Amino acid sequence: MLDLLGDVAGRRIVDAGCGSGPLLADLEERGASVAGFDASPAMIRLARERLGAEADLEVADLTQPLPYDDEAFDDALAVLVLHYLEDWSRPLAELRRVLKPGGRLVVVVNHPVIPPVLYPELDYFATVPNEEEYDFDGVFATLTIWYRSLSAMSDSFTAEGFRILAISEPPVSPETPPELLPPSESDPTRFIGFIFFVLEAGS
Ligand SMILES: C[S@@+](CC[C@H](N)C(=O)[O-])C[C@H]1O[C@@H](n2cnc3c(N)ncnc32)[C@H](O)[C@@H]1O
């Protein structure tokens, strides 16, 4: 994300579904003026612990009107959040509204090739929910991921007035501690997990 965003000094950036705010902290360190929101009050509490009591953080739902003025931001980020939503039209319209014309939206979602590889029973061309079991260090959770094709993603972006500037499938960062890499017989720094889009808001 940091590589894709480049020099962010002086830019006003909102992180949609910011979780506990690690990216906001990195961006602030690089001179950006940051805001974040998440549907989970517990996540916003953790983000406030990380960023400080005065940080611009809100509990808000990406499927609802967002608590920001029109054209308030230079950049918006939606990292691993849109794939929990079936309908992207309202979230994308809201993100576009709060972005300045020409502003960037960076989206990261589960890669669309995951279903054909891992869940061949799913129809690649349909927008379908898939329940996945995760073990988060002993805490078990079922996440519902809405998969959709690459062209469905692209159609959603263009329908809401975004232009695709870049698609990226980056390797993990060279600073990643080896114990955090997935077990793999081939190069563990290259695996199909996520797809990154850099979008530009039309004027
Ligand atoms: C996988 S986490 C990603 C967190 C953060 N973006 C990151 O990369 O560390 C997904 C986050 O999206 C939030 N979320 C899910 N649905 C949301 C919605 N409709 N509106 C806002 N946040 C949502 C969850 O509460 C959670 O914090």
# chains A, B, ... in the order shown; residues from 1 in each chain; ligands from 1
call {"tool": "closest_atom_pairs", "arguments": {"of": "chain A", "to": "ligand 1", "cutoff": "10 Å", "atoms": "only C-alpha atoms and all ligand atoms", "output": "CSV"}}
result
residue,atom,partner,partner_atom_place_in_ligand_line,distance
A:Met1,CA,ligand 1,8 (O),9.7
A:Asp15,CA,ligand 1,6 (N),7.2
A:Ala16,CA,ligand 1,21 (C),6.2
A:Gly17,CA,ligand 1,22 (N),3.8
A:Cys18,CA,ligand 1,6 (N),4.2
A:Gly19,CA,ligand 1,27 (O),3.5
A:Ser20,CA,ligand 1,9 (O),6.5
A:Gly21,CA,ligand 1,9 (O),6.5
A:Pro22,CA,ligand 1,9 (O),6.2
A:Leu23,CA,ligand 1,9 (O),6.8
A:Leu24,CA,ligand 1,9 (O),9.4
A:Gly36,CA,ligand 1,6 (N),9.5
A:Phe37,CA,ligand 1,21 (C),6.6
A:Asp38,CA,ligand 1,22 (N),3.9
A:Ala39,CA,ligand 1,21 (C),4.0
A:Ser40,CA,ligand 1,25 (O),4.5
A:Pro41,CA,ligand 1,25 (O),8.1
A:Ala42,CA,ligand 1,25 (O),8.4
A:Met43,CA,ligand 1,27 (O),5.8
A:Ile44,CA,ligand 1,27 (O),8.3
A:Ala47,CA,ligand 1,27 (O),9.9
A:Glu58,CA,ligand 1,21 (C),9.9
A:Val59,CA,ligand 1,21 (C),7.8
A:Ala60,CA,ligand 1,21 (C),5.9
A:Asp61,CA,ligand 1,20 (N),3.6
A:Leu62,CA,ligand 1,20 (N),3.8
A:Thr63,CA,ligand 1,19 (N),5.3
A:Gln64,CA,ligand 1,19 (N),8.0
A:Leu66,CA,ligand 1,20 (N),9.7
A:Leu77,CA,ligand 1,6 (N),8.1
A:Ala78,CA,ligand 1,6 (N),6.5
A:Val79,CA,ligand 1,6 (N),4.3
A:Leu80,CA,ligand 1,3 (C),4.9
A:Val81,CA,ligand 1,12 (O),4.5
A:Leu82,CA,ligand 1,16 (N),7.4
A:His83,CA,ligand 1,16 (N),8.7
A:Tyr84,CA,ligand 1,16 (N),6.0
A:Leu85,CA,ligand 1,19 (N),6.9
A:Pro91,CA,ligand 1,19 (N),8.5
A:Val107,CA,ligand 1,6 (N),9.9
A:Val108,CA,ligand 1,8 (O),8.5
A:Val109,CA,ligand 1,1 (C),9.4
A:Leu143,CA,ligand 1,1 (C),9.6
call {"tool": "select_by_dssp", "arguments": {"residues": "range 9-108 of chain A", "states": "strand (DSSP E)", "output": "PyMOL selection string"}}
result
chain A and resi 12-16+33-38+56-59+73-79+99-108
call {"tool": "closest_residue", "arguments": {"among": "A:Tyr68, A:Val106, A:Arg190, A:Met153", "to": "Ala126 in chain A", "atoms": "only C-alpha atoms"}}
result
A:Met153
call {"tool": "select_by_dssp", "arguments": {"residues": "chain A", "states": "alpha helix (DSSP H)", "output": "number ranges by chain"}}
result
A: 2-5, 22-29, 41-51, 89-98, 114-118, 150-159
call {"tool": "closest_residue", "arguments": {"among": "A:Glu169, A:Glu71, A:Glu175, A:Glu49", "to": "Ile195 in chain A", "atoms": "only C-alpha atoms"}}
result
A:Glu169
call {"tool": "residues_around", "arguments": {"residues": "Asp69 in chain A", "least_positions_apart": "2", "cutoff": "10 Å", "atoms": "only C-alpha atoms", "output": "list in words"}}
result
Leu66, Pro67, Glu71, Ala72, Phe73, Arg97, Val98 and Leu99 of chain A
call {"tool": "write_last_selection", "arguments": {"atoms": "all heavy atoms", "output": "compact mmCIF listing (two decimals), in the first residue's frame"}}
result
# COMPACT_ATOMS: atom_id res chain seq x y z
N LEU A 66 -21.54 8.51 4.55
CA LEU A 66 -20.33 8.66 5.39
C LEU A 66 -20.31 10.05 6.05
O LEU A 66 -20.80 11.01 5.47
CB LEU A 66 -19.07 8.45 4.53
CG LEU A 66 -18.94 7.06 3.93
CD1 LEU A 66 -17.68 6.97 3.06
CD2 LEU A 66 -18.90 5.97 5.00
N PRO A 67 -19.71 10.13 7.24
CA PRO A 67 -19.75 11.37 8.01
C PRO A 67 -18.68 12.38 7.59
O PRO A 67 -17.97 12.92 8.44
CB PRO A 67 -19.50 10.87 9.44
CG PRO A 67 -18.62 9.67 9.26
CD PRO A 67 -19.04 9.03 7.97
N GLU A 71 -15.79 16.03 -1.30
CA GLU A 71 -14.44 16.42 -1.76
C GLU A 71 -13.49 16.74 -0.60
O GLU A 71 -12.65 17.63 -0.68
CB GLU A 71 -14.52 17.60 -2.74
CG GLU A 71 -15.41 17.27 -3.93
CD GLU A 71 -15.44 18.37 -5.00
OE1 GLU A 71 -14.62 19.30 -4.91
OE2 GLU A 71 -16.26 18.24 -5.93
N ALA A 72 -13.65 15.98 0.50
CA ALA A 72 -12.83 16.26 1.70
C ALA A 72 -11.43 15.65 1.61
O ALA A 72 -10.53 16.08 2.33
CB ALA A 72 -13.54 15.73 2.94
N PHE A 73 -11.23 14.66 0.72
CA PHE A 73 -9.98 13.88 0.77
C PHE A 73 -9.26 13.84 -0.59
O PHE A 73 -9.88 13.85 -1.64
CB PHE A 73 -10.28 12.45 1.22
CG PHE A 73 -10.84 12.38 2.61
CD1 PHE A 73 -12.21 12.24 2.82
CD2 PHE A 73 -10.01 12.49 3.72
CE1 PHE A 73 -12.73 12.20 4.12
CE2 PHE A 73 -10.51 12.45 5.02
CZ PHE A 73 -11.88 12.32 5.20
N ARG A 97 -17.81 10.49 -3.61
CA ARG A 97 -18.34 11.80 -3.15
C ARG A 97 -17.33 12.50 -2.24
O ARG A 97 -17.14 13.72 -2.33
CB ARG A 97 -19.66 11.59 -2.38
CG ARG A 97 -20.28 12.87 -1.84
CD ARG A 97 -21.51 12.62 -0.99
NE ARG A 97 -21.24 11.94 0.27
CZ ARG A 97 -20.69 12.50 1.35
NH1 ARG A 97 -20.35 13.77 1.33
NH2 ARG A 97 -20.48 11.79 2.45
N VAL A 98 -16.67 11.74 -1.34
CA VAL A 98 -15.78 12.40 -0.36
C VAL A 98 -14.39 12.67 -0.93
O VAL A 98 -13.57 13.31 -0.28
CB VAL A 98 -15.69 11.61 0.97
CG1 VAL A 98 -17.09 11.42 1.57
CG2 VAL A 98 -14.98 10.28 0.80
N LEU A 99 -14.13 12.16 -2.17
CA LEU A 99 -12.84 12.40 -2.81
C LEU A 99 -12.88 13.64 -3.68
O LEU A 99 -13.90 13.92 -4.33
CB LEU A 99 -12.49 11.21 -3.72
CG LEU A 99 -11.74 10.05 -3.10
CD1 LEU A 99 -11.64 8.91 -4.12
CD2 LEU A 99 -10.34 10.45 -2.62
call {"tool": "atom_distance", "arguments": {"atom1": "CA of Ala25 in chain A", "atom2": "CA of Leu5 in chain A"}}
result
14.3 Å
call {"tool": "closest_residue", "arguments": {"among": "A:Pro120, A:Gly103, A:Pro170, A:Gly31", "to": "Asp75 in chain A", "atoms": "only C-alpha atoms"}}
result
A:Gly103
call {"tool": "atom_distance", "arguments": {"atom1": "CA of Pro188 in chain A", "atom2": "CA of Tyr119 in chain A"}}
result
21.5 Å
call {"tool": "atom_distance", "arguments": {"atom1": "CA of Thr176 in chain A", "atom2": "CA of Phe136 in chain A"}}
result
19.0 Å
call {"tool": "closest_residue", "arguments": {"among": "A:Asp56, A:Leu122, A:Val117, A:Ile164", "to": "Leu105 in chain A", "atoms": "only C-alpha atoms"}}
result
A:Ile164
call {"tool": "residues_around", "arguments": {"residues": "Glu133 in chain A", "least_positions_apart": "6", "cutoff": "12 Å", "atoms": "only C-alpha atoms", "output": "list of chain:residue names"}}
result
A:Val139, A:Phe140, A:Ala141, A:Thr142, A:Leu143, A:Thr144, A:Ile145
call {"tool": "closest_residue", "arguments": {"among": "A:Trp88, A:Tyr124, A:Tyr134, A:Phe196", "to": "Leu4 in chain A", "atoms": "only C-alpha atoms"}}
result
A:Phe196
call {"tool": "decode", "arguments": {"residues": "range 100-121 of chain A", "atoms": "C-alpha atoms", "output": "JSON list (two decimals), in the first residue's frame"}}
result
[["chain", "number", "residue", "atom", "x", "y", "z"],
["A", 100, "LYS", "CA", -11.64, 15.46, -4.68],
["A", 101, "PRO", "CA", -11.95, 15.13, -8.48],
["A", 102, "GLY", "CA", -8.79, 13.37, -9.61],
["A", 103, "GLY", "CA", -8.31, 11.88, -6.12],
["A", 104, "ARG", "CA", -7.24, 8.28, -5.72],
["A", 105, "LEU", "CA", -9.09, 5.30, -4.27],
["A", 106, "VAL", "CA", -6.91, 2.27, -3.48],
["A", 107, "VAL", "CA", -8.90, -0.94, -3.13],
["A", 108, "VAL", "CA", -7.55, -4.29, -1.91],
["A", 109, "VAL", "CA", -9.75, -7.39, -2.01],
["A", 110, "ASN", "CA", -9.40, -11.16, -2.07],
["A", 111, "HIS", "CA", -8.09, -12.14, -5.50],
["A", 112, "PRO", "CA", -10.84, -13.25, -7.92],
["A", 113, "VAL", "CA", -8.83, -16.31, -8.90],
["A", 114, "ILE", "CA", -9.26, -17.77, -5.38],
["A", 115, "PRO", "CA", -12.64, -19.43, -6.09],
["A", 116, "PRO", "CA", -11.50, -21.30, -9.24],
["A", 117, "VAL", "CA", -8.43, -22.56, -7.33],
["A", 118, "LEU", "CA", -9.85, -23.21, -3.85],
["A", 119, "TYR", "CA", -13.64, -23.36, -4.26],
["A", 120, "PRO", "CA", -14.29, -24.79, -7.75],
["A", 121, "GLU", "CA", -17.94, -25.40, -6.81]]
